[in-house]
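What follows is one structure encoded as structure tokens, with my remarks underneath.
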Amino acid sequence: MSSETPYLKERLAEAARYALMRRLLPAIRHNIAGSLQPIGMMSAMLEKRMQSVAPDLAQFVKNTQALTALSREAAATSKNLMTWLAPVDNELIAVNSAVEESFALMATELSFRGYSLDNQAADSLARLPKGVLRSVFTASLIALTDMADQPAAIVVTAQDEAGAIQLKIAVGPCASNDLAAMATRIPSYRLLQWDDVQALAEVEGVGLEHAPDFVRLDYGPTLADKPVSQGL
């Protein structure tokens, strides 16, 4: 039985990754559609100008250049979003950037459910593997809000102790939020459970502690990497 334990843990983590992916897909789809919308609007405008009797060629060139820039931005955005589903590597990323990425991805859903987001880890430049942060941190954020009884303020803080990074996600009194009165969970895949988060944390080597109003993630020195000092 003991020989099957690592295999079982990996299968449980695989199921948790699938559950997390299903929860993230609506947000990913929304963000990709948002990046493509300006391209459609610009294309429609260009088509209309091309049909005019005397098109302004100088303005047409500017609009074409703008369309090219928008296309490149949309391609970069889509490529980055797709790495949530199929990471190509586990490159290091600054903690503050990873938290902002997760917040940006989940902001719309959480806002409509009445949550406000406060990233107090903005000064944390220590680096951690991107895949580890995206999986365990984002799963923790979703699980904590799934289990909450009512809308709240979500606050993320970070501590660096002896080379180990600790992230804490806490729920506090709900700030003034016009959406709180109409808060409702957007129909989606099943709720994430703490068993799902625990399965991900174990295979990624992340310490996990949770309660109804917080979750604490401990990334040991083997995962953490200090940022390179920046020159003036």
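Residue numbering restarts at 1 for every chain of the structure tokens, chains are lettered A, B, ... in their displayed order, and ligands are numbered from 1 as they appear.
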Margin query: Show me, as JSON, numbers by chain, the residues that have an atom within 12 Å of A:Ile32 when counting only C-alpha atoms, minus same-chain residues fewer than 4 positions from it.
Written below: {"A": [25, 26, 27, 28, 36, 37, 38, 39, 71, 73, 74, 75, 76, 77, 78, 79, 80, 81, 82, 105]}
Write the residues of the selection above to a file with N, CA and C atoms, as a CSV table (one decimal), in the first residue's frame.
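For reference, selection-v2.csv as written:
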chain,number,residue,atom,x,y,z
A,25,LEU,N,-11.5,28.4,-16.5
A,25,LEU,CA,-11.8,28.5,-17.9
A,25,LEU,C,-12.7,29.7,-18.2
A,26,PRO,N,-13.8,29.9,-17.5
A,26,PRO,CA,-14.7,31.1,-17.8
A,26,PRO,C,-13.9,32.4,-17.7
A,27,ALA,N,-13.0,32.5,-16.7
A,27,ALA,CA,-12.2,33.8,-16.6
A,27,ALA,C,-11.2,33.9,-17.7
A,28,ILE,N,-10.6,32.8,-18.1
A,28,ILE,CA,-9.7,32.9,-19.2
A,28,ILE,C,-10.4,33.2,-20.5
A,36,LEU,N,-9.5,40.7,-27.6
A,36,LEU,CA,-9.8,40.6,-29.0
A,36,LEU,C,-10.8,41.7,-29.4
A,37,GLN,N,-11.6,42.2,-28.5
A,37,GLN,CA,-12.7,43.1,-28.8
A,37,GLN,C,-12.2,44.4,-29.5
A,38,PRO,N,-11.1,45.0,-29.0
A,38,PRO,CA,-10.6,46.2,-29.7
A,38,PRO,C,-10.2,46.0,-31.1
A,39,ILE,N,-9.7,44.8,-31.4
A,39,ILE,CA,-9.3,44.4,-32.8
A,39,ILE,C,-10.6,44.4,-33.7
A,71,SER,N,-3.2,43.6,-32.3
A,71,SER,CA,-3.1,42.2,-32.6
A,71,SER,C,-1.9,41.6,-31.9
A,73,GLU,N,-0.6,42.6,-29.1
A,73,GLU,CA,-0.9,42.6,-27.6
A,73,GLU,C,-1.9,41.5,-27.3
A,74,ALA,N,-2.9,41.3,-28.2
A,74,ALA,CA,-3.9,40.2,-28.0
A,74,ALA,C,-3.2,38.9,-28.1
A,75,ALA,N,-2.3,38.7,-29.0
A,75,ALA,CA,-1.6,37.4,-29.1
A,75,ALA,C,-0.8,37.2,-27.9
A,76,ALA,N,-0.1,38.2,-27.4
A,76,ALA,CA,0.7,38.0,-26.2
A,76,ALA,C,-0.2,37.7,-25.0
A,77,THR,N,-1.3,38.4,-24.9
A,77,THR,CA,-2.2,38.1,-23.8
A,77,THR,C,-2.8,36.7,-23.8
A,78,SER,N,-3.2,36.3,-25.0
A,78,SER,CA,-3.8,35.0,-25.2
A,78,SER,C,-2.7,33.9,-24.9
A,79,LYS,N,-1.5,34.1,-25.3
A,79,LYS,CA,-0.4,33.1,-25.1
A,79,LYS,C,-0.2,33.0,-23.6
A,80,ASN,N,-0.1,34.1,-22.9
A,80,ASN,CA,0.1,34.1,-21.4
A,80,ASN,C,-1.1,33.4,-20.7
A,81,LEU,N,-2.3,33.7,-21.1
A,81,LEU,CA,-3.5,33.1,-20.5
A,81,LEU,C,-3.5,31.6,-20.7
A,82,MET,N,-3.1,31.1,-21.9
A,82,MET,CA,-3.1,29.7,-22.2
A,82,MET,C,-2.1,29.0,-21.3
A,105,LEU,N,-7.0,37.8,-13.1
A,105,LEU,CA,-7.8,36.7,-13.7
A,105,LEU,C,-9.1,36.5,-13.0
Using only C-alpha atoms, which residues sit within 7 Å of A:Val171 once same-chain residues fewer than 5 positions away are excluded, as a PDB file with N, CA and C atoms, in the first residue's frame?
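Here's the written file part.pdb:
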ATOM      1  N   ALA A 152     -16.778  39.523   1.212  1.00  0.00           N
ATOM      2  CA  ALA A 152     -15.786  40.022   2.163  1.00  0.00           C
ATOM      3  C   ALA A 152     -14.665  40.723   1.418  1.00  0.00           C
ATOM      4  N   ALA A 153     -13.813  41.366   2.191  1.00  0.00           N
ATOM      5  CA  ALA A 153     -12.582  41.936   1.648  1.00  0.00           C
ATOM      6  C   ALA A 153     -11.507  40.851   1.703  1.00  0.00           C
ATOM      7  N   ILE A 154     -10.840  40.615   0.591  1.00  0.00           N
ATOM      8  CA  ILE A 154      -9.774  39.615   0.518  1.00  0.00           C
ATOM      9  C   ILE A 154      -8.440  40.341   0.555  1.00  0.00           C
ATOM     10  N   VAL A 155      -7.626  40.023   1.551  1.00  0.00           N
ATOM     11  CA  VAL A 155      -6.345  40.698   1.744  1.00  0.00           C
ATOM     12  C   VAL A 155      -5.224  39.665   1.659  1.00  0.00           C
ATOM     13  N   ASP A 213     -11.507  31.840   7.938  1.00  0.00           N
ATOM     14  CA  ASP A 213     -11.243  33.225   7.550  1.00  0.00           C
ATOM     15  C   ASP A 213      -9.833  33.468   7.018  1.00  0.00           C
ATOM     16  N   PHE A 214      -9.043  32.432   6.815  1.00  0.00           N
ATOM     17  CA  PHE A 214      -7.711  32.652   6.241  1.00  0.00           C
ATOM     18  C   PHE A 214      -7.134  31.348   5.712  1.00  0.00           C
TER      19      PHE A 214
END
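The residue that comes closest to A:Leu24, out of A:Leu217, A:Val53, A:Ala164, A:Ala107 and on the basis of only C-alpha atoms, is A:Ala107.
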Notebook entry, point to check: In Å, with one decimal, what is the gap from atom CA of A:Tyr189 to atom CA of A:Glu91?
Noted result: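 Straight-line distance from atom CA of A:Tyr189 to atom CA of A:Glu91 works out to 28.8 Å.
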Do you know which residues are at most 10 Å from stretch 196-207 of chain A counting only C-alpha atoms, after dropping those on the same chain fewer than 2 positions away, and could you put them as a CSV table (one decimal) with N, CA and C atoms, in the first residue's frame?
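Final output, result10.csv:
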chain,number,residue,atom,x,y,z
A,6,PRO,N,2.6,7.5,-3.4
A,6,PRO,CA,2.9,8.6,-4.3
A,6,PRO,C,2.1,8.7,-5.5
A,8,LEU,N,-1.1,7.6,-5.7
A,8,LEU,CA,-2.4,8.1,-5.3
A,8,LEU,C,-2.4,9.6,-5.1
A,9,LYS,N,-1.3,10.1,-4.5
A,9,LYS,CA,-1.2,11.6,-4.3
A,9,LYS,C,-1.2,12.3,-5.6
A,10,GLU,N,-0.5,11.8,-6.6
A,10,GLU,CA,-0.4,12.4,-7.9
A,10,GLU,C,-1.7,12.4,-8.6
A,11,ARG,N,-2.4,11.3,-8.5
A,11,ARG,CA,-3.8,11.2,-9.1
A,11,ARG,C,-4.7,12.2,-8.5
A,12,LEU,N,-4.7,12.3,-7.1
A,12,LEU,CA,-5.5,13.3,-6.4
A,12,LEU,C,-5.2,14.7,-6.9
A,13,ALA,N,-3.9,15.0,-7.0
A,13,ALA,CA,-3.5,16.3,-7.5
A,13,ALA,C,-3.9,16.6,-8.9
A,14,GLU,N,-3.9,15.5,-9.7
A,14,GLU,CA,-4.3,15.7,-11.1
A,14,GLU,C,-5.8,16.0,-11.2
A,15,ALA,N,-6.6,15.4,-10.3
A,15,ALA,CA,-8.0,15.7,-10.2
A,15,ALA,C,-8.3,17.1,-9.8
A,16,ALA,N,-7.4,17.5,-8.8
A,16,ALA,CA,-7.6,18.9,-8.3
A,16,ALA,C,-7.2,19.9,-9.4
A,17,ARG,N,-6.1,19.6,-10.2
A,17,ARG,CA,-5.8,20.5,-11.2
A,17,ARG,C,-6.9,20.6,-12.3
A,18,TYR,N,-7.6,19.5,-12.5
A,18,TYR,CA,-8.7,19.6,-13.5
A,18,TYR,C,-9.8,20.5,-12.9
A,19,ALA,N,-10.1,20.3,-11.6
A,19,ALA,CA,-11.2,21.1,-11.0
A,19,ALA,C,-10.8,22.6,-11.0
A,20,LEU,N,-9.5,22.9,-10.8
A,20,LEU,CA,-9.1,24.3,-10.8
A,20,LEU,C,-9.2,24.8,-12.2
A,129,PRO,N,8.5,29.6,-8.2
A,129,PRO,CA,8.1,29.0,-9.4
A,129,PRO,C,6.7,29.4,-9.8
A,131,GLY,N,4.4,28.1,-11.8
A,131,GLY,CA,3.4,27.0,-11.8
A,131,GLY,C,2.9,26.7,-10.4
A,132,VAL,N,3.8,26.8,-9.4
A,132,VAL,CA,3.5,26.5,-8.0
A,132,VAL,C,2.5,27.6,-7.5
A,133,LEU,N,2.9,28.8,-7.8
A,133,LEU,CA,2.1,29.9,-7.3
A,133,LEU,C,0.7,29.9,-8.0
A,135,SER,N,-1.0,27.5,-9.2
A,135,SER,CA,-1.9,26.4,-8.8
A,135,SER,C,-2.3,26.5,-7.4
A,136,VAL,N,-1.4,26.5,-6.4
A,136,VAL,CA,-1.7,26.4,-5.0
A,136,VAL,C,-2.3,27.7,-4.6
A,137,PHE,N,-1.7,28.9,-4.9
A,137,PHE,CA,-2.2,30.2,-4.5
A,137,PHE,C,-3.6,30.4,-5.0
A,138,THR,N,-3.8,30.2,-6.3
A,138,THR,CA,-5.1,30.5,-7.0
A,138,THR,C,-6.2,29.6,-6.5
A,139,ALA,N,-5.8,28.3,-6.3
A,139,ALA,CA,-6.8,27.3,-5.7
A,139,ALA,C,-7.2,27.7,-4.3
A,140,SER,N,-6.2,28.2,-3.5
A,140,SER,CA,-6.5,28.7,-2.2
A,140,SER,C,-7.5,29.9,-2.2
A,141,LEU,N,-7.2,30.8,-3.1
A,141,LEU,CA,-8.1,32.0,-3.2
A,141,LEU,C,-9.5,31.6,-3.5
A,142,ILE,N,-9.7,30.7,-4.5
A,142,ILE,CA,-11.0,30.2,-4.9
A,142,ILE,C,-11.7,29.4,-3.8
A,143,ALA,N,-10.9,28.5,-3.1
A,143,ALA,CA,-11.5,27.7,-2.1
A,143,ALA,C,-12.0,28.6,-0.9
A,166,GLN,N,6.1,33.2,3.0
A,166,GLN,CA,4.8,32.9,3.5
A,166,GLN,C,3.8,33.8,2.9
A,191,LEU,N,-17.7,23.6,-6.5
A,191,LEU,CA,-16.9,24.4,-5.5
A,191,LEU,C,-15.5,23.6,-5.3
A,192,LEU,N,-14.5,24.4,-5.1
A,192,LEU,CA,-13.2,23.8,-4.7
A,192,LEU,C,-13.2,23.6,-3.2
A,193,GLN,N,-12.7,22.4,-2.9
A,193,GLN,CA,-12.7,22.0,-1.5
A,193,GLN,C,-11.2,22.1,-1.0
A,194,TRP,N,-11.1,22.1,0.3
A,194,TRP,CA,-9.7,22.2,0.9
A,194,TRP,C,-8.9,20.9,0.6
A,209,GLU,N,-2.0,25.8,5.7
A,209,GLU,CA,-2.8,25.9,6.9
A,209,GLU,C,-4.0,26.7,6.6
A,210,HIS,N,-5.2,26.3,7.0
A,210,HIS,CA,-6.4,27.1,6.7
A,210,HIS,C,-7.4,27.1,7.8
A,216,ARG,N,-2.9,30.0,4.9
A,216,ARG,CA,-1.5,30.4,5.0
A,216,ARG,C,-0.7,29.4,4.2
A,217,LEU,N,0.1,29.9,3.3
A,217,LEU,CA,0.9,29.0,2.4
A,217,LEU,C,2.4,29.3,2.7
A,218,ASP,N,3.1,28.2,3.0
A,218,ASP,CA,4.5,28.3,3.3
A,218,ASP,C,5.4,27.7,2.2
A,219,TYR,N,6.1,28.5,1.5
A,219,TYR,CA,7.0,28.1,0.5
A,219,TYR,C,8.5,28.0,1.1
A,220,GLY,N,9.0,26.8,1.2
A,220,GLY,CA,10.3,26.7,1.8
A,220,GLY,C,11.4,27.2,1.0
A,222,THR,N,13.8,25.8,-0.5
A,222,THR,CA,14.1,25.1,-1.7
A,222,THR,C,13.3,25.6,-2.9
A,223,LEU,N,12.1,26.3,-2.6
A,223,LEU,CA,11.3,26.8,-3.6
A,223,LEU,C,11.6,28.3,-3.9
